[in-house]
Amino acid sequence: KGIRSTITSSRFVVAVGGRPTSLDCEGGELAISSDDIFSLTDEPGKVLCVGASYISLDCAGFLAGLGRDVTVAVRSILLRGFDRECADKIGAYMADHGVKFRREVVPKKLEKVLDNKIKVTFSDNTEEEFDTVVVAIGRTADTKNLGLESVNIEVERSNAKIPANYEQTSCPNIYVIGDCMKGCPELTPVAIEAGLALARRLFNGSKVPMDYKNVCTTVFTPIEYGCVGLSEEEAIEALGGEDGIDVYHKSFYPLEWTLSYPRQDHQAFTKVIVNKSSQKVLGIHYLGPHAGEIMQGYGVAMKKGITFQNLIDTVGIHPTCSEEIVTLKVTKRSGLDATAGGC
(Lines give C-alpha, C1' and ligand atoms only; values in the text may rest on other atoms or scores of the structure.)
Protein backbone atom coordinates (compact mmCIF):
# COMPACT_ATOMS: atom_id res chain seq x y z
CA LYS A 1 0.00 0.00 0.00
CA GLY A 2 3.04 2.21 -0.22
CA ILE A 3 3.47 2.54 3.54
CA ARG A 4 7.04 1.91 4.76
CA SER A 5 8.16 1.56 8.35
CA THR A 6 11.13 0.27 10.32
CA ILE A 7 10.78 -2.22 13.15
CA THR A 8 13.53 -3.31 15.50
CA SER A 9 13.14 -6.49 17.53
CA SER A 10 15.21 -9.09 19.34
CA ARG A 11 13.37 -11.84 17.44
CA PHE A 12 11.40 -12.19 14.24
CA VAL A 13 9.14 -15.03 13.07
CA VAL A 14 8.64 -15.60 9.35
CA ALA A 15 5.21 -17.11 8.70
CA VAL A 16 4.31 -15.92 5.21
CA GLY A 17 3.02 -19.26 3.93
CA GLY A 18 3.13 -20.16 0.28
CA ARG A 19 1.32 -19.93 -3.03
CA PRO A 20 0.55 -22.62 -5.61
CA THR A 21 3.51 -23.24 -7.89
CA SER A 22 2.70 -22.23 -11.46
CA LEU A 23 3.20 -24.36 -14.53
CA ASP A 24 6.62 -23.65 -16.05
CA CYS A 25 6.02 -24.29 -19.73
CA GLU A 26 4.88 -22.43 -22.82
CA GLY A 27 1.31 -21.27 -22.26
CA GLY A 28 1.45 -22.14 -18.56
CA GLU A 29 -0.53 -18.99 -17.74
CA LEU A 30 -3.62 -20.68 -19.25
CA ALA A 31 -3.76 -23.10 -16.31
CA ILE A 32 -5.53 -22.26 -13.07
CA SER A 33 -4.51 -23.29 -9.57
CA SER A 34 -6.45 -25.22 -6.93
CA ASP A 35 -7.09 -21.81 -5.30
CA ASP A 36 -9.01 -20.73 -8.41
CA ILE A 37 -11.17 -23.75 -9.00
CA PHE A 38 -13.91 -22.72 -6.57
CA SER A 39 -14.09 -19.24 -8.12
CA LEU A 40 -14.92 -20.41 -11.64
CA THR A 41 -17.89 -18.64 -13.16
CA ASP A 42 -18.26 -21.17 -15.97
CA GLU A 43 -18.69 -24.91 -16.13
CA PRO A 44 -15.20 -26.53 -15.90
CA GLY A 45 -16.07 -29.11 -18.57
CA LYS A 46 -13.34 -31.56 -19.44
CA VAL A 47 -10.53 -31.12 -16.92
CA LEU A 48 -6.82 -31.92 -16.78
CA CYS A 49 -5.29 -31.99 -13.29
CA VAL A 50 -1.52 -31.63 -13.47
CA GLY A 51 0.34 -33.26 -10.60
CA ALA A 52 -0.04 -36.28 -8.33
CA SER A 53 -0.17 -34.42 -5.01
CA TYR A 54 -3.07 -34.83 -2.62
CA ILE A 55 -4.47 -31.47 -3.80
CA SER A 56 -4.48 -32.65 -7.42
CA LEU A 57 -6.10 -35.97 -6.53
CA ASP A 58 -8.64 -34.29 -4.23
CA CYS A 59 -9.68 -31.99 -7.09
CA ALA A 60 -9.77 -34.83 -9.62
CA GLY A 61 -11.86 -36.92 -7.25
CA PHE A 62 -14.60 -34.42 -6.54
CA LEU A 63 -14.78 -33.25 -10.16
CA ALA A 64 -15.17 -36.85 -11.34
CA GLY A 65 -17.79 -37.35 -8.63
CA LEU A 66 -19.71 -34.43 -10.15
CA GLY A 67 -19.69 -36.25 -13.47
CA ARG A 68 -16.89 -34.33 -15.18
CA ASP A 69 -14.41 -35.91 -17.60
CA VAL A 70 -11.16 -35.79 -15.61
CA THR A 71 -7.59 -36.75 -16.47
CA VAL A 72 -4.59 -36.58 -14.11
CA ALA A 73 -1.09 -36.05 -15.54
CA VAL A 74 1.40 -37.92 -13.33
CA ARG A 75 5.11 -37.20 -13.73
CA SER A 76 6.30 -40.14 -11.60
CA ILE A 77 4.29 -41.56 -8.69
CA LEU A 78 1.07 -40.76 -6.85
CA LEU A 79 1.28 -39.06 -3.46
CA ARG A 80 5.04 -38.86 -3.05
CA GLY A 81 5.96 -39.06 0.63
CA PHE A 82 2.95 -41.19 1.54
CA ASP A 83 2.84 -44.98 1.94
CA ARG A 84 3.31 -46.59 -1.49
CA GLU A 85 0.86 -49.43 -1.00
CA CYS A 86 -1.89 -47.06 0.11
CA ALA A 87 -1.14 -44.57 -2.68
CA ASP A 88 -1.39 -47.33 -5.29
CA LYS A 89 -4.73 -48.47 -3.87
CA ILE A 90 -6.03 -44.91 -4.13
CA GLY A 91 -4.95 -44.77 -7.78
CA ALA A 92 -6.68 -48.06 -8.58
CA TYR A 93 -9.87 -46.94 -6.83
CA MET A 94 -9.94 -43.62 -8.68
CA ALA A 95 -9.26 -45.27 -12.04
CA ASP A 96 -12.20 -47.62 -11.48
CA HIS A 97 -14.40 -44.64 -10.62
CA GLY A 98 -13.83 -42.72 -13.84
CA VAL A 99 -10.59 -40.78 -13.36
CA LYS A 100 -8.12 -41.26 -16.21
CA PHE A 101 -4.36 -41.18 -15.60
CA ARG A 102 -1.62 -40.17 -18.03
CA ARG A 103 1.52 -41.72 -16.55
CA GLU A 104 5.09 -40.42 -16.77
CA VAL A 105 4.20 -37.24 -18.64
CA VAL A 106 4.13 -33.52 -17.97
CA PRO A 107 2.67 -30.73 -20.10
CA LYS A 108 5.25 -29.00 -22.28
CA LYS A 109 2.90 -26.61 -24.09
CA LEU A 110 -0.60 -25.16 -23.61
CA GLU A 111 -2.37 -23.18 -26.31
CA LYS A 112 -5.85 -21.80 -26.91
CA VAL A 113 -7.74 -23.38 -29.79
CA LEU A 114 -11.31 -23.29 -31.16
CA ASP A 115 -14.28 -23.00 -28.78
CA ASN A 116 -12.01 -21.59 -26.05
CA LYS A 117 -10.48 -25.01 -25.42
CA ILE A 118 -6.89 -25.56 -24.31
CA LYS A 119 -4.74 -27.91 -26.36
CA VAL A 120 -2.11 -29.57 -24.18
CA THR A 121 1.02 -31.06 -25.69
CA PHE A 122 2.63 -33.55 -23.33
CA SER A 123 6.28 -34.52 -22.91
CA ASP A 124 5.67 -37.70 -24.92
CA ASN A 125 4.46 -35.48 -27.82
CA THR A 126 0.84 -36.62 -27.52
CA GLU A 127 -1.88 -33.95 -27.59
CA GLU A 128 -5.33 -33.59 -26.08
CA GLU A 129 -7.84 -30.77 -25.69
CA PHE A 130 -9.39 -29.73 -22.38
CA ASP A 131 -11.76 -27.02 -21.18
CA THR A 132 -9.87 -26.43 -17.92
CA VAL A 133 -6.32 -27.19 -16.81
CA VAL A 134 -5.73 -27.24 -13.05
CA VAL A 135 -2.13 -27.24 -11.86
CA ALA A 136 -1.36 -28.67 -8.42
CA ILE A 137 2.36 -29.46 -8.40
CA GLY A 138 3.21 -28.06 -4.99
CA ARG A 139 3.57 -24.70 -3.33
CA THR A 140 6.29 -22.05 -3.41
CA ALA A 141 7.05 -20.13 -0.23
CA ASP A 142 6.13 -16.45 -0.41
CA THR A 143 9.62 -15.33 0.65
CA LYS A 144 10.83 -13.62 -2.53
CA ASN A 145 10.40 -10.03 -1.33
CA LEU A 146 11.50 -10.41 2.29
CA GLY A 147 15.14 -9.47 1.70
CA LEU A 148 16.41 -12.57 3.47
CA GLU A 149 19.70 -12.35 1.64
CA SER A 150 20.53 -9.23 3.67
CA VAL A 151 20.66 -11.37 6.82
CA ASN A 152 22.44 -14.26 5.08
CA ILE A 153 19.46 -16.60 4.99
CA GLU A 154 19.47 -18.76 1.88
CA VAL A 155 16.24 -20.31 0.62
CA GLU A 156 15.71 -23.53 -1.33
CA ARG A 157 16.04 -23.01 -5.07
CA SER A 158 13.11 -25.23 -5.98
CA ASN A 159 10.43 -23.77 -3.70
CA ALA A 160 11.95 -20.75 -1.86
CA LYS A 161 11.47 -22.43 1.51
CA ILE A 162 13.69 -21.58 4.46
CA PRO A 163 15.87 -24.29 6.04
CA ALA A 164 15.68 -24.33 9.84
CA ASN A 165 16.60 -26.35 12.90
CA TYR A 166 13.80 -26.40 15.48
CA GLU A 167 12.28 -23.45 13.58
CA GLN A 168 15.49 -21.41 14.02
CA THR A 169 17.05 -20.19 10.78
CA SER A 170 20.73 -19.64 10.02
CA CYS A 171 20.25 -16.15 11.48
CA PRO A 172 19.80 -17.07 15.18
CA ASN A 173 17.14 -14.50 16.09
CA ILE A 174 14.96 -15.20 13.03
CA TYR A 175 12.56 -18.13 13.19
CA VAL A 176 10.26 -19.68 10.62
CA ILE A 177 7.03 -21.67 10.91
CA GLY A 178 4.46 -23.15 8.57
CA ASP A 179 4.45 -23.75 4.82
CA CYS A 180 7.48 -21.51 4.22
CA MET A 181 9.75 -23.76 6.33
CA LYS A 182 11.63 -26.57 4.63
CA GLY A 183 10.41 -30.00 5.76
CA CYS A 184 7.21 -28.77 7.39
CA PRO A 185 3.99 -30.56 6.35
CA GLU A 186 1.86 -28.06 4.44
CA LEU A 187 -1.08 -28.19 6.83
CA THR A 188 -2.60 -25.24 8.70
CA PRO A 189 -2.95 -27.07 12.06
CA VAL A 190 0.77 -27.95 11.89
CA ALA A 191 1.71 -24.28 11.49
CA ILE A 192 -0.52 -23.31 14.41
CA GLU A 193 0.92 -25.98 16.71
CA ALA A 194 4.49 -25.18 15.65
CA GLY A 195 3.89 -21.52 16.50
CA LEU A 196 2.53 -22.41 19.92
CA ALA A 197 5.44 -24.76 20.63
CA LEU A 198 7.94 -22.09 19.58
CA ALA A 199 6.26 -19.45 21.77
CA ARG A 200 6.38 -21.80 24.77
CA ARG A 201 10.09 -22.45 24.24
CA LEU A 202 10.96 -18.78 23.79
CA PHE A 203 8.84 -17.29 26.55
CA ASN A 204 7.60 -20.01 28.90
CA GLY A 205 10.65 -22.15 29.65
CA SER A 206 9.53 -25.16 27.58
CA LYS A 207 12.07 -27.45 25.97
CA VAL A 208 9.53 -29.49 23.99
CA PRO A 209 10.09 -29.28 20.20
CA MET A 210 7.40 -29.59 17.58
CA ASP A 211 6.78 -33.21 16.53
CA TYR A 212 6.51 -33.15 12.74
CA LYS A 213 6.32 -36.92 12.30
CA ASN A 214 3.36 -38.00 14.44
CA VAL A 215 0.96 -35.68 12.64
CA CYS A 216 -2.37 -37.11 11.55
CA THR A 217 -3.06 -36.47 7.88
CA THR A 218 -6.05 -37.24 5.71
CA VAL A 219 -6.19 -37.20 1.92
CA PHE A 220 -9.78 -36.58 0.82
CA THR A 221 -9.70 -38.63 -2.35
CA PRO A 222 -12.81 -40.63 -3.40
CA ILE A 223 -11.60 -43.34 -1.05
CA GLU A 224 -10.29 -41.36 1.90
CA TYR A 225 -6.83 -42.05 3.30
CA GLY A 226 -5.80 -41.25 6.87
CA CYS A 227 -2.39 -41.91 8.37
CA VAL A 228 -0.12 -41.04 11.27
CA GLY A 229 3.55 -41.88 11.81
CA LEU A 230 5.87 -43.62 9.39
CA SER A 231 5.05 -45.14 6.03
CA GLU A 232 6.18 -48.71 5.45
CA GLU A 233 9.07 -47.44 3.33
CA GLU A 234 10.17 -44.95 6.00
CA ALA A 235 9.98 -47.61 8.70
CA ILE A 236 12.13 -50.03 6.67
CA GLU A 237 14.72 -47.30 6.17
CA ALA A 238 14.66 -46.25 9.83
CA LEU A 239 15.03 -49.83 11.12
CA GLY A 240 17.67 -50.86 8.59
CA GLY A 241 15.56 -53.30 6.58
CA GLU A 242 12.34 -55.29 6.42
CA ASP A 243 13.45 -57.63 9.20
CA GLY A 244 13.17 -54.79 11.70
CA ILE A 245 9.41 -54.35 11.33
CA ASP A 246 6.16 -56.26 11.30
CA VAL A 247 3.28 -55.02 9.16
CA TYR A 248 -0.18 -56.07 10.32
CA HIS A 249 -2.78 -55.55 7.59
CA LYS A 250 -6.41 -56.21 6.70
CA SER A 251 -8.87 -55.64 3.85
CA PHE A 252 -12.54 -55.34 4.74
CA TYR A 253 -15.95 -54.05 3.65
CA PRO A 254 -17.29 -51.12 5.69
CA LEU A 255 -20.85 -51.86 6.78
CA GLU A 256 -22.26 -48.95 4.75
CA TRP A 257 -20.64 -50.33 1.59
CA THR A 258 -22.40 -53.68 1.94
CA LEU A 259 -25.69 -51.96 1.08
CA SER A 260 -24.47 -50.94 -2.39
CA TYR A 261 -23.11 -53.46 -4.88
CA PRO A 262 -21.18 -50.85 -6.94
CA ARG A 263 -19.16 -49.97 -3.81
CA GLN A 264 -18.04 -53.56 -3.36
CA ASP A 265 -15.61 -53.51 -6.29
CA HIS A 266 -12.95 -52.36 -3.81
CA GLN A 267 -12.38 -52.99 -0.13
CA ALA A 268 -11.30 -50.65 2.61
CA PHE A 269 -7.82 -51.30 3.98
CA THR A 270 -5.77 -50.75 7.10
CA LYS A 271 -2.27 -51.55 8.23
CA VAL A 272 -0.20 -50.95 11.33
CA ILE A 273 3.60 -50.86 11.17
CA VAL A 274 5.37 -52.10 14.31
CA ASN A 275 8.96 -52.08 15.52
CA LYS A 276 9.57 -55.82 15.75
CA SER A 277 11.97 -55.48 18.69
CA SER A 278 10.20 -52.97 20.95
CA GLN A 279 6.66 -53.58 19.64
CA LYS A 280 6.16 -49.82 19.46
CA VAL A 281 3.70 -48.76 16.78
CA LEU A 282 5.54 -46.76 14.10
CA GLY A 283 2.67 -45.97 11.76
CA ILE A 284 -1.07 -46.45 11.32
CA HIS A 285 -2.72 -46.28 7.89
CA TYR A 286 -6.38 -46.50 6.89
CA LEU A 287 -8.24 -46.33 3.57
CA GLY A 288 -12.00 -46.04 3.79
CA PRO A 289 -14.91 -43.87 4.91
CA HIS A 290 -14.44 -41.08 7.48
CA ALA A 291 -10.65 -41.42 7.50
CA GLY A 292 -10.07 -38.10 9.24
CA GLU A 293 -12.51 -38.82 12.06
CA ILE A 294 -11.01 -42.27 12.59
CA MET A 295 -7.37 -41.25 12.52
CA GLN A 296 -7.51 -38.27 14.89
CA GLY A 297 -7.89 -40.41 18.01
CA TYR A 298 -5.04 -42.70 17.01
CA GLY A 299 -2.86 -39.60 16.74
CA VAL A 300 -3.16 -39.12 20.51
CA ALA A 301 -2.16 -42.74 21.07
CA MET A 302 0.87 -42.33 18.80
CA LYS A 303 1.99 -39.26 20.76
CA LYS A 304 1.86 -41.36 23.92
CA GLY A 305 4.03 -44.13 22.43
CA ILE A 306 1.40 -46.83 21.90
CA THR A 307 2.58 -50.43 21.51
CA PHE A 308 0.93 -53.08 19.37
CA GLN A 309 -0.16 -54.88 22.54
CA ASN A 310 -1.90 -51.70 23.72
CA LEU A 311 -3.69 -51.57 20.39
CA ILE A 312 -4.99 -55.14 20.38
CA ASP A 313 -5.92 -54.96 24.08
CA THR A 314 -8.38 -52.21 23.16
CA VAL A 315 -12.00 -53.34 22.80
CA GLY A 316 -13.42 -52.29 19.45
CA ILE A 317 -16.78 -50.62 18.83
CA HIS A 318 -18.91 -52.90 16.67
CA PRO A 319 -19.70 -52.52 13.81
CA THR A 320 -17.27 -49.73 12.88
CA CYS A 321 -14.31 -49.32 10.56
CA SER A 322 -12.08 -48.27 13.43
CA GLU A 323 -12.74 -51.65 15.05
CA GLU A 324 -10.78 -53.27 12.24
CA ILE A 325 -7.61 -51.48 13.39
CA VAL A 326 -7.74 -52.87 16.94
CA THR A 327 -8.48 -56.40 15.74
CA LEU A 328 -5.50 -56.81 13.42
CA LYS A 329 -3.82 -60.23 13.60
CA VAL A 330 -2.28 -61.10 10.22
CA THR A 331 1.20 -59.92 9.23
CA LYS A 332 2.46 -59.51 5.69
CA ARG A 333 5.36 -61.74 6.59
CA SER A 334 3.01 -64.66 7.33
CA GLY A 335 1.60 -64.70 3.80
CA LEU A 336 -1.85 -65.52 5.18
CA ASP A 337 -5.09 -64.12 3.76
CA ALA A 338 -5.71 -60.73 5.36
CA THR A 339 -9.31 -60.33 4.23
CA ALA A 340 -11.74 -59.82 7.10
CA GLY A 341 -14.69 -62.16 7.48
CA GLY A 342 -18.28 -61.13 8.19
CA CYS A 343 -19.97 -60.74 11.55
# chains A, B, ... in the order shown; residues from 1 in each chain; ligands from 1
$ residues_around --residues "Val47 (chain A)" --least-positions-apart "6" --cutoff "10 Å" --atoms "only C-alpha atoms" --output "JSON, numbers by chain"
{"A": [59, 60, 63, 64, 68, 69, 70, 71, 72, 118, 129, 130, 131, 132, 133, 134]}
$ residues_around --residues "region 173-185 of chain A" --least-positions-apart "6" --cutoff "6 Å" --atoms "only C-alpha atoms" --output "list in words"
Arg11, Phe12, Val13, Val14, Ala15, Gly17, Gly18, Ala141, Lys161, Ile162, Pro163, Glu167 and Ala191 of chain A
$ closest_residue --among "A:Tyr298, A:Phe269, A:Phe252, A:Phe38" --to "Asn214 (chain A)" --atoms "only C-alpha atoms"
A:Tyr298
$ select_by_dssp --residues "region 235-273 of chain A" --states "strand (DSSP E)" --output "mmCIF file with N, CA and C atoms, in the first residue's frame"
data_model
loop_
_atom_site.group_PDB
_atom_site.id
_atom_site.type_symbol
_atom_site.label_atom_id
_atom_site.label_comp_id
_atom_site.auth_asym_id
_atom_site.auth_seq_id
_atom_site.Cartn_x
_atom_site.Cartn_y
_atom_site.Cartn_z
ATOM 1 N N ILE A 245 10.810 -54.730 11.101
ATOM 2 C CA ILE A 245 9.414 -54.346 11.330
ATOM 3 C C ILE A 245 8.471 -55.509 11.078
ATOM 4 N N ASP A 246 7.290 -55.408 11.656
ATOM 5 C CA ASP A 246 6.160 -56.257 11.301
ATOM 6 C C ASP A 246 5.054 -55.350 10.784
ATOM 7 N N VAL A 247 4.381 -55.785 9.734
ATOM 8 C CA VAL A 247 3.279 -55.022 9.160
ATOM 9 C C VAL A 247 2.014 -55.859 9.294
ATOM 10 N N TYR A 248 1.112 -55.414 10.148
ATOM 11 C CA TYR A 248 -0.183 -56.066 10.316
ATOM 12 C C TYR A 248 -1.175 -55.384 9.384
ATOM 13 N N HIS A 249 -1.915 -56.164 8.601
ATOM 14 C CA HIS A 249 -2.780 -55.552 7.592
ATOM 15 C C HIS A 249 -4.099 -56.302 7.470
ATOM 16 N N LYS A 250 -5.079 -55.615 6.868
ATOM 17 C CA LYS A 250 -6.405 -56.215 6.699
ATOM 18 C C LYS A 250 -7.184 -55.458 5.629
ATOM 19 N N SER A 251 -7.900 -56.208 4.786
ATOM 20 C CA SER A 251 -8.874 -55.644 3.853
ATOM 21 C C SER A 251 -10.259 -55.996 4.355
ATOM 22 N N PHE A 252 -11.210 -55.088 4.195
ATOM 23 C CA PHE A 252 -12.544 -55.342 4.741
ATOM 24 C C PHE A 252 -13.575 -54.469 4.035
ATOM 25 N N ALA A 268 -12.080 -51.545 1.764
ATOM 26 C CA ALA A 268 -11.298 -50.649 2.611
ATOM 27 C C ALA A 268 -10.054 -51.417 3.073
ATOM 28 N N PHE A 269 -9.099 -50.684 3.647
ATOM 29 C CA PHE A 269 -7.818 -51.303 3.980
ATOM 30 C C PHE A 269 -7.198 -50.592 5.175
ATOM 31 N N THR A 270 -6.532 -51.359 6.004
ATOM 32 C CA THR A 270 -5.773 -50.754 7.098
ATOM 33 C C THR A 270 -4.500 -51.549 7.329
ATOM 34 N N LYS A 271 -3.484 -50.852 7.824
ATOM 35 C CA LYS A 271 -2.268 -51.551 8.233
ATOM 36 C C LYS A 271 -1.589 -50.767 9.350
ATOM 37 N N VAL A 272 -0.940 -51.524 10.210
ATOM 38 C CA VAL A 272 -0.200 -50.953 11.331
ATOM 39 C C VAL A 272 1.235 -51.455 11.245
ATOM 40 N N ILE A 273 2.182 -50.533 11.297
ATOM 41 C CA ILE A 273 3.598 -50.862 11.174
ATOM 42 C C ILE A 273 4.223 -50.833 12.569
#
$ closest_residue --among "A:Lys1, A:Arg102, A:Arg75, A:Lys112" --to "Ala31 (chain A)" --atoms "only C-alpha atoms"
A:Lys112
$ closest_residue --among "A:Met302, A:Ile223, A:Val326, A:Ala340" --to "Ala87 (chain A)" --atoms "only C-alpha atoms"
A:Ile223
$ closest_residue --among "A:Ile325, A:Ala160, A:Cys171, A:Val274" --to "Thr21 (chain A)" --atoms "only C-alpha atoms"
A:Ala160
$ atom_distance --atom1 "CA of Val215 (chain A)" --atom2 "CA of Val190 (chain A)"
7.8 Å
$ select_by_dssp --residues "region 29-232 of chain A" --states "alpha helix (DSSP H)" --output "MDAnalysis selection string"
chainID A and resid 54:65 84:96 188:203 232
$ atom_distance --atom1 "CA of Gly67 (chain A)" --atom2 "CA of Glu43 (chain A)"
11.7 Å
$ atom_distance --atom1 "CA of Pro107 (chain A)" --atom2 "CA of Gly27 (chain A)"
9.8 Å
$ residues_around --residues "Lys304 (chain A)" --least-positions-apart "6" --cutoff "12 Å" --atoms "only C-alpha atoms" --output "MDAnalysis selection string"
chainID A and resid 214 280:282 297:298 310
